[in-house]
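Structure, as structure tokens:
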Amino acid sequence: MQTNLTINGTPQRLELDPRTTLLDALRHHLGLTGSKKGCDHGQCGACTVMVNGRRINACLTLACMHDGDEVTTIEGIGQPDNLSPLQQAFVSEDGFQCGYCTPGQICSATAMLEEVRNGWPSHVTDDLDGGADLTTEEISERMSGNLCRCSAYPNIVEAIRKAAGENA
């Protein structure tokens, strides 16, 4: 099945089995291995990418369902010689240990910060009419779909908070 995607700003035409997940299309057909296959059940968030600006688990969606969509992976957020402010904050705040979950954490946090800027409340947001303060509780709730088996959570929260200040 032919599927047209824009991946990190580049149009891609893929000929895929309709059962191919977006994650497998990215990793095995396009060689974009930054997004990881952790649980393959949508429970860990290692496969998080952004589709049309919203974060999703790429292991839970078929590539053909996103025909015509724009997909942003960790490779599209920054490169080693040109890191995004969030990636820089992960480095400076030591927001990773083994690094396996880091691409999904950064993709999720990038989209999460945009959700906050757009005024989207979370389950723990106190004021539904105002903006959310990026407290530890607020960030933890918004990032709860991304697991870190090394338990770098305090540093991940600080990296997100630092990046939010730089982008404000």
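Chain labels run A, B, ... following the order of the structure tokens; each chain numbers its residues from 1, and ligands are numbered from 1 in the order shown.
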
Using DSSP on the backbone, list every residue of chain A that comes out as alpha helix (DSSP H), and give them as a JSON list (two decimals) with all heavy atoms, in the first residue's frame.
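The resulting out10.json:
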```
[["chain", "number", "residue", "atom", "x", "y", "z"],
["A", 22, "LEU", "N", 3.64, 2.64, 12.33],
["A", 22, "LEU", "CA", 4.41, 3.84, 12.04],
["A", 22, "LEU", "C", 5.83, 3.68, 12.57],
["A", 22, "LEU", "O", 6.79, 4.07, 11.91],
["A", 22, "LEU", "CB", 3.72, 5.06, 12.66],
["A", 22, "LEU", "CG", 4.41, 6.40, 12.44],
["A", 22, "LEU", "CD1", 4.60, 6.72, 10.96],
["A", 22, "LEU", "CD2", 3.62, 7.51, 13.13],
["A", 23, "LEU", "N", 5.98, 3.09, 13.74],
["A", 23, "LEU", "CA", 7.31, 2.88, 14.31],
["A", 23, "LEU", "C", 8.18, 2.03, 13.40],
["A", 23, "LEU", "O", 9.33, 2.36, 13.12],
["A", 23, "LEU", "CB", 7.21, 2.24, 15.70],
["A", 23, "LEU", "CG", 8.55, 1.94, 16.38],
["A", 23, "LEU", "CD1", 9.35, 3.23, 16.61],
["A", 23, "LEU", "CD2", 8.31, 1.21, 17.69],
["A", 24, "ASP", "N", 7.63, 0.92, 12.89],
["A", 24, "ASP", "CA", 8.41, 0.05, 12.01],
["A", 24, "ASP", "C", 8.71, 0.73, 10.68],
["A", 24, "ASP", "O", 9.79, 0.54, 10.11],
["A", 24, "ASP", "CB", 7.69, -1.28, 11.79],
["A", 24, "ASP", "CG", 7.77, -2.19, 13.01],
["A", 24, "ASP", "OD1", 8.64, -1.95, 13.88],
["A", 24, "ASP", "OD2", 6.94, -3.12, 13.11],
["A", 74, "ILE", "N", 12.68, 12.34, 16.77],
["A", 74, "ILE", "CA", 13.78, 12.96, 17.48],
["A", 74, "ILE", "C", 14.81, 13.51, 16.49],
["A", 74, "ILE", "O", 15.41, 14.56, 16.74],
["A", 74, "ILE", "CB", 14.44, 11.98, 18.49],
["A", 74, "ILE", "CG1", 15.44, 12.70, 19.40],
["A", 74, "ILE", "CG2", 15.09, 10.80, 17.78],
["A", 74, "ILE", "CD1", 14.82, 13.69, 20.34],
["A", 75, "GLU", "N", 14.98, 12.87, 15.35],
["A", 75, "GLU", "CA", 15.94, 13.34, 14.35],
["A", 75, "GLU", "C", 15.52, 14.68, 13.77],
["A", 75, "GLU", "O", 16.37, 15.44, 13.31],
["A", 75, "GLU", "CB", 16.10, 12.31, 13.23],
["A", 75, "GLU", "CG", 16.77, 11.02, 13.62],
["A", 75, "GLU", "CD", 15.82, 9.93, 14.11],
["A", 75, "GLU", "OE1", 14.62, 10.23, 14.35],
["A", 75, "GLU", "OE2", 16.27, 8.78, 14.26],
["A", 76, "GLY", "N", 14.23, 14.99, 13.81],
["A", 76, "GLY", "CA", 13.73, 16.25, 13.29],
["A", 76, "GLY", "C", 13.71, 17.37, 14.32],
["A", 76, "GLY", "O", 13.47, 18.53, 13.97],
["A", 77, "ILE", "N", 13.93, 17.03, 15.57],
["A", 77, "ILE", "CA", 13.93, 18.06, 16.63],
["A", 77, "ILE", "C", 15.29, 18.73, 16.72],
["A", 77, "ILE", "O", 15.39, 19.92, 16.96],
["A", 77, "ILE", "CB", 13.50, 17.44, 17.97],
["A", 77, "ILE", "CG1", 12.02, 17.06, 17.89],
["A", 77, "ILE", "CG2", 13.76, 18.39, 19.13],
["A", 77, "ILE", "CD1", 11.47, 16.37, 19.10],
["A", 85, "PRO", "N", 16.59, 23.65, 22.42],
["A", 85, "PRO", "CA", 16.73, 24.05, 23.83],
["A", 85, "PRO", "C", 16.39, 22.91, 24.80],
["A", 85, "PRO", "O", 17.05, 22.76, 25.83],
["A", 85, "PRO", "CB", 15.77, 25.22, 23.97],
["A", 85, "PRO", "CG", 15.69, 25.81, 22.60],
["A", 85, "PRO", "CD", 15.78, 24.62, 21.67],
["A", 86, "LEU", "N", 15.39, 22.11, 24.46],
["A", 86, "LEU", "CA", 15.02, 20.99, 25.33],
["A", 86, "LEU", "C", 16.13, 19.94, 25.36],
["A", 86, "LEU", "O", 16.48, 19.42, 26.42],
["A", 86, "LEU", "CB", 13.69, 20.37, 24.89],
["A", 86, "LEU", "CG", 13.15, 19.25, 25.77],
["A", 86, "LEU", "CD1", 12.88, 19.75, 27.19],
["A", 86, "LEU", "CD2", 11.88, 18.69, 25.17],
["A", 87, "GLN", "N", 16.69, 19.61, 24.21],
["A", 87, "GLN", "CA", 17.80, 18.66, 24.18],
["A", 87, "GLN", "C", 18.99, 19.20, 24.96],
["A", 87, "GLN", "O", 19.64, 18.45, 25.71],
["A", 87, "GLN", "CB", 18.20, 18.36, 22.73],
["A", 87, "GLN", "CG", 17.18, 17.53, 21.99],
["A", 87, "GLN", "CD", 17.48, 17.44, 20.51],
["A", 87, "GLN", "OE1", 17.79, 18.43, 19.86],
["A", 87, "GLN", "NE2", 17.38, 16.23, 19.97],
["A", 88, "GLN", "N", 19.28, 20.48, 24.82],
["A", 88, "GLN", "CA", 20.38, 21.08, 25.58],
["A", 88, "GLN", "C", 20.11, 20.98, 27.08],
["A", 88, "GLN", "O", 21.01, 20.70, 27.86],
["A", 88, "GLN", "CB", 20.57, 22.55, 25.17],
["A", 88, "GLN", "CG", 21.11, 22.71, 23.78],
["A", 88, "GLN", "CD", 21.09, 24.18, 23.32],
["A", 88, "GLN", "OE1", 20.69, 25.07, 24.04],
["A", 88, "GLN", "NE2", 21.52, 24.40, 22.08],
["A", 89, "ALA", "N", 18.85, 21.20, 27.48],
["A", 89, "ALA", "CA", 18.49, 21.11, 28.89],
["A", 89, "ALA", "C", 18.63, 19.67, 29.39],
["A", 89, "ALA", "O", 19.06, 19.46, 30.53],
["A", 89, "ALA", "CB", 17.06, 21.62, 29.11],
["A", 90, "PHE", "N", 18.27, 18.68, 28.59],
["A", 90, "PHE", "CA", 18.46, 17.29, 29.00],
["A", 90, "PHE", "C", 19.93, 17.01, 29.26],
["A", 90, "PHE", "O", 20.27, 16.30, 30.21],
["A", 90, "PHE", "CB", 17.91, 16.34, 27.94],
["A", 90, "PHE", "CG", 16.52, 15.83, 28.22],
["A", 90, "PHE", "CD1", 15.42, 16.67, 28.14],
["A", 90, "PHE", "CD2", 16.29, 14.52, 28.58],
["A", 90, "PHE", "CE1", 14.15, 16.23, 28.40],
["A", 90, "PHE", "CE2", 15.02, 14.05, 28.85],
["A", 90, "PHE", "CZ", 13.94, 14.91, 28.76],
["A", 91, "VAL", "N", 20.80, 17.57, 28.44],
["A", 91, "VAL", "CA", 22.25, 17.38, 28.64],
["A", 91, "VAL", "C", 22.70, 18.11, 29.90],
["A", 91, "VAL", "O", 23.34, 17.52, 30.78],
["A", 91, "VAL", "CB", 23.05, 17.86, 27.40],
["A", 91, "VAL", "CG1", 24.54, 17.85, 27.69],
["A", 91, "VAL", "CG2", 22.74, 16.98, 26.19],
["A", 92, "SER", "N", 22.36, 19.38, 30.03],
["A", 92, "SER", "CA", 22.86, 20.17, 31.16],
["A", 92, "SER", "C", 22.28, 19.72, 32.50],
["A", 92, "SER", "O", 22.94, 19.82, 33.53],
["A", 92, "SER", "CB", 22.59, 21.66, 30.95],
["A", 92, "SER", "OG", 21.21, 21.95, 31.03],
["A", 102, "THR", "N", 15.21, 8.43, 26.15],
["A", 102, "THR", "CA", 15.40, 9.87, 25.92],
["A", 102, "THR", "C", 14.72, 10.39, 24.66],
["A", 102, "THR", "O", 14.07, 11.44, 24.72],
["A", 102, "THR", "CB", 16.90, 10.23, 25.95],
["A", 102, "THR", "OG1", 17.46, 9.75, 27.18],
["A", 102, "THR", "CG2", 17.11, 11.72, 25.85],
["A", 103, "PRO", "N", 14.84, 9.73, 23.50],
["A", 103, "PRO", "CA", 14.14, 10.27, 22.32],
["A", 103, "PRO", "C", 12.64, 10.41, 22.53],
["A", 103, "PRO", "O", 12.05, 11.44, 22.17],
["A", 103, "PRO", "CB", 14.46, 9.24, 21.22],
["A", 103, "PRO", "CG", 15.74, 8.62, 21.65],
["A", 103, "PRO", "CD", 15.66, 8.55, 23.15],
["A", 104, "GLY", "N", 12.01, 9.41, 23.12],
["A", 104, "GLY", "CA", 10.58, 9.49, 23.40],
["A", 104, "GLY", "C", 10.26, 10.56, 24.43],
["A", 104, "GLY", "O", 9.26, 11.27, 24.32],
["A", 105, "GLN", "N", 11.11, 10.68, 25.45],
["A", 105, "GLN", "CA", 10.91, 11.71, 26.47],
["A", 105, "GLN", "C", 10.97, 13.10, 25.83],
["A", 105, "GLN", "O", 10.14, 13.96, 26.12],
["A", 105, "GLN", "CB", 11.99, 11.61, 27.56],
["A", 105, "GLN", "CG", 11.97, 10.33, 28.37],
["A", 105, "GLN", "CD", 11.00, 10.35, 29.52],
["A", 105, "GLN", "OE1", 10.31, 11.33, 29.78],
["A", 105, "GLN", "NE2", 10.93, 9.24, 30.24],
["A", 106, "ILE", "N", 11.95, 13.31, 24.96],
["A", 106, "ILE", "CA", 12.12, 14.64, 24.34],
["A", 106, "ILE", "C", 10.99, 14.94, 23.37],
["A", 106, "ILE", "O", 10.46, 16.06, 23.36],
["A", 106, "ILE", "CB", 13.51, 14.75, 23.69],
["A", 106, "ILE", "CG1", 14.58, 14.81, 24.79],
["A", 106, "ILE", "CG2", 13.60, 15.97, 22.77],
["A", 106, "ILE", "CD1", 16.00, 14.77, 24.31],
["A", 107, "CYS", "N", 10.58, 13.96, 22.57],
["A", 107, "CYS", "CA", 9.44, 14.19, 21.67],
["A", 107, "CYS", "C", 8.18, 14.50, 22.47],
["A", 107, "CYS", "O", 7.43, 15.43, 22.14],
["A", 107, "CYS", "CB", 9.21, 12.98, 20.77],
["A", 107, "CYS", "SG", 10.39, 12.83, 19.42],
["A", 108, "SER", "N", 7.95, 13.73, 23.52],
["A", 108, "SER", "CA", 6.77, 13.95, 24.35],
["A", 108, "SER", "C", 6.82, 15.31, 25.03],
["A", 108, "SER", "O", 5.83, 16.06, 25.04],
["A", 108, "SER", "CB", 6.65, 12.83, 25.39],
["A", 108, "SER", "OG", 5.44, 12.93, 26.09],
["A", 109, "ALA", "N", 7.97, 15.66, 25.59],
["A", 109, "ALA", "CA", 8.10, 16.94, 26.28],
["A", 109, "ALA", "C", 7.97, 18.12, 25.32],
["A", 109, "ALA", "O", 7.40, 19.15, 25.68],
["A", 109, "ALA", "CB", 9.43, 17.00, 27.04],
["A", 110, "THR", "N", 8.48, 17.97, 24.11],
["A", 110, "THR", "CA", 8.35, 19.03, 23.11],
["A", 110, "THR", "C", 6.88, 19.32, 22.84],
["A", 110, "THR", "O", 6.44, 20.48, 22.85],
["A", 110, "THR", "CB", 9.08, 18.64, 21.81],
["A", 110, "THR", "OG1", 10.47, 18.46, 22.09],
["A", 110, "THR", "CG2", 8.90, 19.68, 20.72],
["A", 111, "ALA", "N", 6.10, 18.26, 22.61],
["A", 111, "ALA", "CA", 4.67, 18.43, 22.36],
["A", 111, "ALA", "C", 3.94, 18.90, 23.62],
["A", 111, "ALA", "O", 3.03, 19.72, 23.56],
["A", 111, "ALA", "CB", 4.07, 17.12, 21.85],
["A", 112, "MET", "N", 4.37, 18.40, 24.78],
["A", 112, "MET", "CA", 3.74, 18.78, 26.04],
["A", 112, "MET", "C", 3.91, 20.27, 26.31],
["A", 112, "MET", "O", 2.96, 20.94, 26.74],
["A", 112, "MET", "CB", 4.35, 17.97, 27.19],
["A", 112, "MET", "CG", 3.74, 18.23, 28.55],
["A", 112, "MET", "SD", 4.52, 19.53, 29.52],
["A", 112, "MET", "CE", 6.09, 18.83, 29.91],
["A", 113, "LEU", "N", 5.08, 20.80, 26.04],
["A", 113, "LEU", "CA", 5.29, 22.24, 26.24],
["A", 113, "LEU", "C", 4.40, 23.06, 25.31],
["A", 113, "LEU", "O", 3.91, 24.13, 25.70],
["A", 113, "LEU", "CB", 6.77, 22.59, 26.05],
["A", 113, "LEU", "CG", 7.69, 22.09, 27.16],
["A", 113, "LEU", "CD1", 9.15, 22.32, 26.79],
["A", 113, "LEU", "CD2", 7.35, 22.74, 28.50],
["A", 114, "GLU", "N", 4.16, 22.56, 24.12],
["A", 114, "GLU", "CA", 3.25, 23.25, 23.20],
["A", 114, "GLU", "C", 1.81, 23.18, 23.73],
["A", 114, "GLU", "O", 1.06, 24.15, 23.63],
["A", 114, "GLU", "CB", 3.35, 22.64, 21.80],
["A", 114, "GLU", "CG", 2.59, 23.41, 20.74],
["A", 114, "GLU", "CD", 3.09, 24.85, 20.55],
["A", 114, "GLU", "OE1", 4.28, 25.13, 20.80],
["A", 114, "GLU", "OE2", 2.26, 25.70, 20.15],
["A", 115, "GLU", "N", 1.42, 22.05, 24.31],
["A", 115, "GLU", "CA", 0.10, 21.92, 24.92],
["A", 115, "GLU", "C", -0.08, 22.95, 26.03],
["A", 115, "GLU", "O", -1.14, 23.59, 26.15],
["A", 115, "GLU", "CB", -0.09, 20.51, 25.49],
["A", 115, "GLU", "CG", -0.15, 19.42, 24.44],
["A", 115, "GLU", "CD", -0.01, 18.02, 25.02],
["A", 115, "GLU", "OE1", 0.02, 17.87, 26.27],
["A", 115, "GLU", "OE2", 0.11, 17.07, 24.23],
["A", 116, "VAL", "N", 0.96, 23.13, 26.85],
["A", 116, "VAL", "CA", 0.90, 24.11, 27.94],
["A", 116, "VAL", "C", 0.77, 25.51, 27.36],
["A", 116, "VAL", "O", -0.05, 26.31, 27.83],
["A", 116, "VAL", "CB", 2.14, 23.98, 28.86],
["A", 116, "VAL", "CG1", 2.21, 25.14, 29.85],
["A", 116, "VAL", "CG2", 2.14, 22.65, 29.59],
["A", 117, "ARG", "N", 1.57, 25.83, 26.34],
["A", 117, "ARG", "CA", 1.50, 27.15, 25.71],
["A", 117, "ARG", "C", 0.10, 27.41, 25.14],
["A", 117, "ARG", "O", -0.38, 28.55, 25.12],
["A", 117, "ARG", "CB", 2.54, 27.28, 24.60],
["A", 117, "ARG", "CG", 3.93, 27.63, 25.11],
["A", 117, "ARG", "CD", 4.87, 28.01, 23.99],
["A", 117, "ARG", "NE", 5.35, 26.87, 23.22],
["A", 117, "ARG", "CZ", 6.35, 26.07, 23.58],
["A", 117, "ARG", "NH1", 6.99, 26.28, 24.70],
["A", 117, "ARG", "NH2", 6.71, 25.07, 22.82],
["A", 136, "THR", "N", 6.30, 20.31, 39.61],
["A", 136, "THR", "CA", 6.73, 18.91, 39.48],
["A", 136, "THR", "C", 5.53, 18.02, 39.24],
["A", 136, "THR", "O", 5.57, 17.12, 38.39],
["A", 136, "THR", "CB", 7.51, 18.48, 40.74],
["A", 136, "THR", "OG1", 8.68, 19.29, 40.86],
["A", 136, "THR", "CG2", 7.90, 17.01, 40.67],
["A", 137, "GLU", "N", 4.44, 18.26, 39.97],
["A", 137, "GLU", "CA", 3.22, 17.45, 39.82],
["A", 137, "GLU", "C", 2.64, 17.60, 38.41],
["A", 137, "GLU", "O", 2.24, 16.61, 37.79],
["A", 137, "GLU", "CB", 2.19, 17.86, 40.87],
["A", 137, "GLU", "CG", 0.93, 17.02, 40.82],
["A", 137, "GLU", "CD", -0.09, 17.45, 41.86],
["A", 137, "GLU", "OE1", -0.21, 18.67, 42.14],
["A", 137, "GLU", "OE2", -0.79, 16.56, 42.38],
["A", 138, "GLU", "N", 2.60, 18.83, 37.90],
["A", 138, "GLU", "CA", 2.04, 19.08, 36.56],
["A", 138, "GLU", "C", 2.88, 18.40, 35.48],
["A", 138, "GLU", "O", 2.35, 17.72, 34.60],
["A", 138, "GLU", "CB", 1.98, 20.59, 36.31],
["A", 138, "GLU", "CG", 1.31, 20.97, 35.01],
["A", 138, "GLU", "CD", -0.20, 20.80, 35.02],
["A", 138, "GLU", "OE1", -0.85, 21.07, 36.05],
["A", 138, "GLU", "OE2", -0.76, 20.40, 33.97],
["A", 139, "ILE", "N", 4.19, 18.57, 35.54],
["A", 139, "ILE", "CA", 5.06, 17.94, 34.54],
["A", 139, "ILE", "C", 4.98, 16.43, 34.65],
["A", 139, "ILE", "O", 4.87, 15.73, 33.63],
["A", 139, "ILE", "CB", 6.51, 18.43, 34.69],
["A", 139, "ILE", "CG1", 6.61, 19.92, 34.33],
["A", 139, "ILE", "CG2", 7.46, 17.61, 33.81],
["A", 139, "ILE", "CD1", 7.94, 20.56, 34.66],
["A", 140, "SER", "N", 5.00, 15.90, 35.86],
["A", 140, "SER", "CA", 4.94, 14.44, 36.05],
["A", 140, "SER", "C", 3.66, 13.87, 35.48],
["A", 140, "SER", "O", 3.67, 12.81, 34.85],
["A", 140, "SER", "CB", 5.07, 14.10, 37.54],
["A", 140, "SER", "OG", 6.31, 14.50, 38.02],
["A", 141, "GLU", "N", 2.53, 14.54, 35.70],
["A", 141, "GLU", "CA", 1.26, 14.07, 35.15],
["A", 141, "GLU", "C", 1.28, 14.09, 33.63],
["A", 141, "GLU", "O", 0.89, 13.12, 32.98],
["A", 141, "GLU", "CB", 0.11, 14.94, 35.66],
["A", 141, "GLU", "CG", -1.22, 14.72, 34.97],
["A", 141, "GLU", "CD", -1.78, 13.31, 35.15],
["A", 141, "GLU", "OE1", -1.43, 12.63, 36.13],
["A", 141, "GLU", "OE2", -2.57, 12.89, 34.29],
["A", 142, "ARG", "N", 1.75, 15.18, 33.06],
["A", 142, "ARG", "CA", 1.77, 15.31, 31.61],
["A", 142, "ARG", "C", 2.75, 14.35, 30.95],
["A", 142, "ARG", "O", 2.57, 13.99, 29.79],
["A", 142, "ARG", "CB", 2.09, 16.75, 31.21],
["A", 142, "ARG", "CG", 0.97, 17.73, 31.54],
["A", 142, "ARG", "CD", 1.37, 19.16, 31.24],
["A", 142, "ARG", "NE", 0.35, 20.10, 31.58],
["A", 142, "ARG", "CZ", -0.58, 20.56, 30.73],
["A", 142, "ARG", "NH1", -0.61, 20.14, 29.49],
["A", 142, "ARG", "NH2", -1.48, 21.43, 31.14],
["A", 153, "TYR", "N", 13.80, 10.64, 36.60],
["A", 153, "TYR", "CA", 12.65, 11.54, 36.60],
["A", 153, "TYR", "C", 12.94, 12.93, 37.16],
["A", 153, "TYR", "O", 12.53, 13.92, 36.54],
["A", 153, "TYR", "CB", 11.46, 10.92, 37.32],
["A", 153, "TYR", "CG", 10.92, 9.69, 36.65],
["A", 153, "TYR", "CD1", 10.96, 8.46, 37.28],
["A", 153, "TYR", "CD2", 10.37, 9.76, 35.37],
["A", 153, "TYR", "CE1", 10.46, 7.32, 36.67],
["A", 153, "TYR", "CE2", 9.87, 8.62, 34.75],
["A", 153, "TYR", "CZ", 9.92, 7.41, 35.40],
["A", 153, "TYR", "OH", 9.43, 6.29, 34.79],
["A", 154, "PRO", "N", 13.59, 13.07, 38.31],
["A", 154, "PRO", "CA", 13.81, 14.43, 38.83],
["A", 154, "PRO", "C", 14.61, 15.30, 37.83],
["A", 154, "PRO", "O", 14.30, 16.48, 37.67],
["A", 154, "PRO", "CB", 14.59, 14.22, 40.13],
["A", 154, "PRO", "CG", 14.26, 12.83, 40.55],
["A", 154, "PRO", "CD", 14.06, 12.06, 39.26],
["A", 155, "ASN", "N", 15.57, 14.72, 37.17],
["A", 155, "ASN", "CA", 16.38, 15.47, 36.21],
["A", 155, "ASN", "C", 15.61, 15.76, 34.93],
["A", 155, "ASN", "O", 15.80, 16.80, 34.31],
["A", 155, "ASN", "CB", 17.67, 14.73, 35.92],
["A", 155, "ASN", "CG", 18.52, 14.55, 37.16],
["A", 155, "ASN", "OD1", 18.07, 14.72, 38.28],
["A", 155, "ASN", "ND2", 19.77, 14.20, 36.97],
["A", 156, "ILE", "N", 14.74, 14.84, 34.54],
["A", 156, "ILE", "CA", 13.88, 15.06, 33.37],
["A", 156, "ILE", "C", 12.94, 16.24, 33.64],
["A", 156, "ILE", "O", 12.79, 17.14, 32.80],
["A", 156, "ILE", "CB", 13.09, 13.78, 33.00],
["A", 156, "ILE", "CG1", 14.05, 12.71, 32.47],
["A", 156, "ILE", "CG2", 11.98, 14.08, 32.00],
["A", 156, "ILE", "CD1", 13.44, 11.32, 32.34],
["A", 157, "VAL", "N", 12.36, 16.26, 34.82],
["A", 157, "VAL", "CA", 11.46, 17.36, 35.20],
["A", 157, "VAL", "C", 12.22, 18.68, 35.19],
["A", 157, "VAL", "O", 11.73, 19.70, 34.67],
["A", 157, "VAL", "CB", 10.81, 17.09, 36.58],
["A", 157, "VAL", "CG1", 10.11, 18.34, 37.11],
["A", 157, "VAL", "CG2", 9.84, 15.92, 36.48],
["A", 158, "GLU", "N", 13.43, 18.70, 35.74],
["A", 158, "GLU", "CA", 14.23, 19.93, 35.76],
["A", 158, "GLU", "C", 14.61, 20.36, 34.36],
["A", 158, "GLU", "O", 14.62, 21.56, 34.05],
["A", 158, "GLU", "CB", 15.47, 19.77, 36.64],
["A", 158, "GLU", "CG", 15.15, 19.81, 38.12],
["A", 158, "GLU", "CD", 14.31, 21.02, 38.52],
["A", 158, "GLU", "OE1", 14.67, 22.16, 38.16],
["A", 158, "GLU", "OE2", 13.29, 20.83, 39.20],
["A", 159, "ALA", "N", 14.92, 19.41, 33.48],
["A", 159, "ALA", "CA", 15.26, 19.74, 32.09],
["A", 159, "ALA", "C", 14.07, 20.38, 31.39],
["A", 159, "ALA", "O", 14.21, 21.37, 30.67],
["A", 159, "ALA", "CB", 15.72, 18.49, 31.34],
["A", 160, "ILE", "N", 12.88, 19.83, 31.60],
["A", 160, "ILE", "CA", 11.67, 20.38, 30.99],
["A", 160, "ILE", "C", 11.40, 21.78, 31.53],
["A", 160, "ILE", "O", 11.11, 22.70, 30.77],
["A", 160, "ILE", "CB", 10.47, 19.45, 31.22],
["A", 160, "ILE", "CG1", 10.67, 18.13, 30.45],
["A", 160, "ILE", "CG2", 9.17, 20.13, 30.84],
["A", 160, "ILE", "CD1", 9.70, 17.04, 30.81],
["A", 161, "ARG", "N", 11.54, 21.93, 32.84],
["A", 161, "ARG", "CA", 11.31, 23.24, 33.45],
["A", 161, "ARG", "C", 12.30, 24.26, 32.91],
["A", 161, "ARG", "O", 11.94, 25.39, 32.58],
["A", 161, "ARG", "CB", 11.41, 23.11, 34.97],
["A", 161, "ARG", "CG", 10.92, 24.32, 35.71],
["A", 161, "ARG", "CD", 10.93, 24.14, 37.22],
["A", 161, "ARG", "NE", 9.81, 23.30, 37.63],
["A", 161, "ARG", "CZ", 9.93, 22.19, 38.36],
["A", 161, "ARG", "NH1", 11.09, 21.77, 38.77],
["A", 161, "ARG", "NH2", 8.85, 21.50, 38.70],
["A", 162, "LYS", "N", 13.55, 23.88, 32.77],
["A", 162, "LYS", "CA", 14.58, 24.78, 32.24],
["A", 162, "LYS", "C", 14.27, 25.16, 30.80],
["A", 162, "LYS", "O", 14.34, 26.34, 30.43],
["A", 162, "LYS", "CB", 15.95, 24.12, 32.32],
["A", 162, "LYS", "CG", 17.06, 24.99, 31.80],
["A", 162, "LYS", "CD", 18.42, 24.35, 31.96],
["A", 162, "LYS", "CE", 19.51, 25.30, 31.47],
["A", 162, "LYS", "NZ", 20.84, 24.73, 31.67],
["A", 163, "ALA", "N", 13.91, 24.18, 29.98],
["A", 163, "ALA", "CA", 13.59, 24.46, 28.58],
["A", 163, "ALA", "C", 12.37, 25.36, 28.46],
["A", 163, "ALA", "O", 12.32, 26.24, 27.61],
["A", 163, "ALA", "CB", 13.37, 23.17, 27.81],
["A", 164, "ALA", "N", 11.40, 25.17, 29.31],
["A", 164, "ALA", "CA", 10.20, 26.01, 29.29],
["A", 164, "ALA", "C", 10.56, 27.46, 29.58],
["A", 164, "ALA", "O", 10.02, 28.37, 28.97],
["A", 164, "ALA", "CB", 9.17, 25.50, 30.29],
["A", 165, "GLY", "N", 11.50, 27.67, 30.49],
["A", 165, "GLY", "CA", 11.95, 29.02, 30.81],
["A", 165, "GLY", "C", 12.69, 29.65, 29.65],
["A", 165, "GLY", "O", 12.55, 30.84, 29.38],
["A", 166, "GLU", "N", 13.47, 28.85, 28.92],
["A", 166, "GLU", "CA", 14.21, 29.36, 27.78],
["A", 166, "GLU", "C", 13.30, 29.69, 26.61],
["A", 166, "GLU", "O", 13.58, 30.57, 25.83],
["A", 166, "GLU", "CB", 15.25, 28.33, 27.33],
["A", 166, "GLU", "CG", 16.40, 28.17, 28.28],
["A", 166, "GLU", "CD", 17.41, 27.14, 27.79],
["A", 166, "GLU", "OE1", 17.32, 26.69, 26.65],
["A", 166, "GLU", "OE2", 18.31, 26.82, 28.59],
["A", 167, "ASN", "N", 12.17, 28.95, 26.52],
["A", 167, "ASN", "CA", 11.26, 29.16, 25.39],
["A", 167, "ASN", "C", 10.17, 30.17, 25.71],
["A", 167, "ASN", "O", 9.41, 30.55, 24.84],
["A", 167, "ASN", "CB", 10.60, 27.84, 24.98],
["A", 167, "ASN", "CG", 11.59, 26.89, 24.36],
["A", 167, "ASN", "OD1", 12.57, 27.32, 23.76],
["A", 167, "ASN", "ND2", 11.34, 25.61, 24.47]]
```

DSSP strand (DSSP E) residues within chain A, as an MDAnalysis selection string
chainID A and resid 2:7 10:15 48:51 54:57 70:72

If I take atom CA of Ile56 of chain A and atom CA of Gly68 of chain A, how far is one from the other in Å, to one decimal?
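Atom-to-atom, atom CA of Ile56 of chain A and atom CA of Gly68 of chain A are spaced 16.1 Å apart.
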
Between atom CA of Gly78 of chain A and atom CA of Arg13 of chain A - distance in Å to one decimal
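Taking atom CA of Arg13 of chain A as the start and atom CA of Gly78 of chain A as the end point, the length is 23.0 Å.
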
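Interatomic distance, atom CA of Val51 of chain A against atom CA of Gly34 of chain A: 15.5 Å.
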
Within 7 Å of Asn146 of chain A, counting only C-alpha atoms, which residues show up once you throw out same-chain ones fewer than 4 positions away? Write them as a PDB file with N, CA, C and O atoms, in the first residue's frame, please.
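Everything below was put into part_20.pdb:
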```
ATOM      1  N   CYS A  44       5.205   2.281  27.423  1.00  0.00           N
ATOM      2  CA  CYS A  44       6.458   2.867  27.919  1.00  0.00           C
ATOM      3  C   CYS A  44       6.782   4.233  27.331  1.00  0.00           C
ATOM      4  O   CYS A  44       7.508   5.005  27.938  1.00  0.00           O
ATOM      5  N   GLY A  45       6.279   4.561  26.143  1.00  0.00           N
ATOM      6  CA  GLY A  45       6.524   5.859  25.538  1.00  0.00           C
ATOM      7  C   GLY A  45       7.844   5.995  24.800  1.00  0.00           C
ATOM      8  O   GLY A  45       8.144   7.068  24.275  1.00  0.00           O
ATOM      9  N   ALA A  46       8.642   4.938  24.721  1.00  0.00           N
ATOM     10  CA  ALA A  46       9.939   5.023  24.031  1.00  0.00           C
ATOM     11  C   ALA A  46       9.767   5.313  22.542  1.00  0.00           C
ATOM     12  O   ALA A  46      10.672   5.839  21.901  1.00  0.00           O
ATOM     13  N   GLN A 105      11.107  10.678  25.450  1.00  0.00           N
ATOM     14  CA  GLN A 105      10.907  11.713  26.469  1.00  0.00           C
ATOM     15  C   GLN A 105      10.972  13.097  25.832  1.00  0.00           C
ATOM     16  O   GLN A 105      10.144  13.964  26.122  1.00  0.00           O
TER      17      GLN A 105
END
```

As a ChimeraX atom specification, please: the residues near Phe96 of chain A (cut-off 6 Å, only C-alpha atoms, same-chain neighbours under 2 positions excluded).
/A:94,99,152

Please, could you write that set of residues out with N, CA and C atoms as a PDB file, in the first residue's frame?
```pdb
ATOM      1  N   ASP A  94      21.339  16.591  33.108  1.00  0.00           N
ATOM      2  CA  ASP A  94      21.561  15.140  33.205  1.00  0.00           C
ATOM      3  C   ASP A  94      20.222  14.399  33.236  1.00  0.00           C
ATOM      4  N   GLY A  99      19.831   6.410  28.256  1.00  0.00           N
ATOM      5  CA  GLY A  99      19.469   7.107  27.028  1.00  0.00           C
ATOM      6  C   GLY A  99      18.412   6.418  26.180  1.00  0.00           C
ATOM      7  N   ALA A 152      15.475   8.558  36.100  1.00  0.00           N
ATOM      8  CA  ALA A 152      16.045   9.900  35.978  1.00  0.00           C
ATOM      9  C   ALA A 152      14.962  10.974  36.053  1.00  0.00           C
TER      10      ALA A 152
END
```
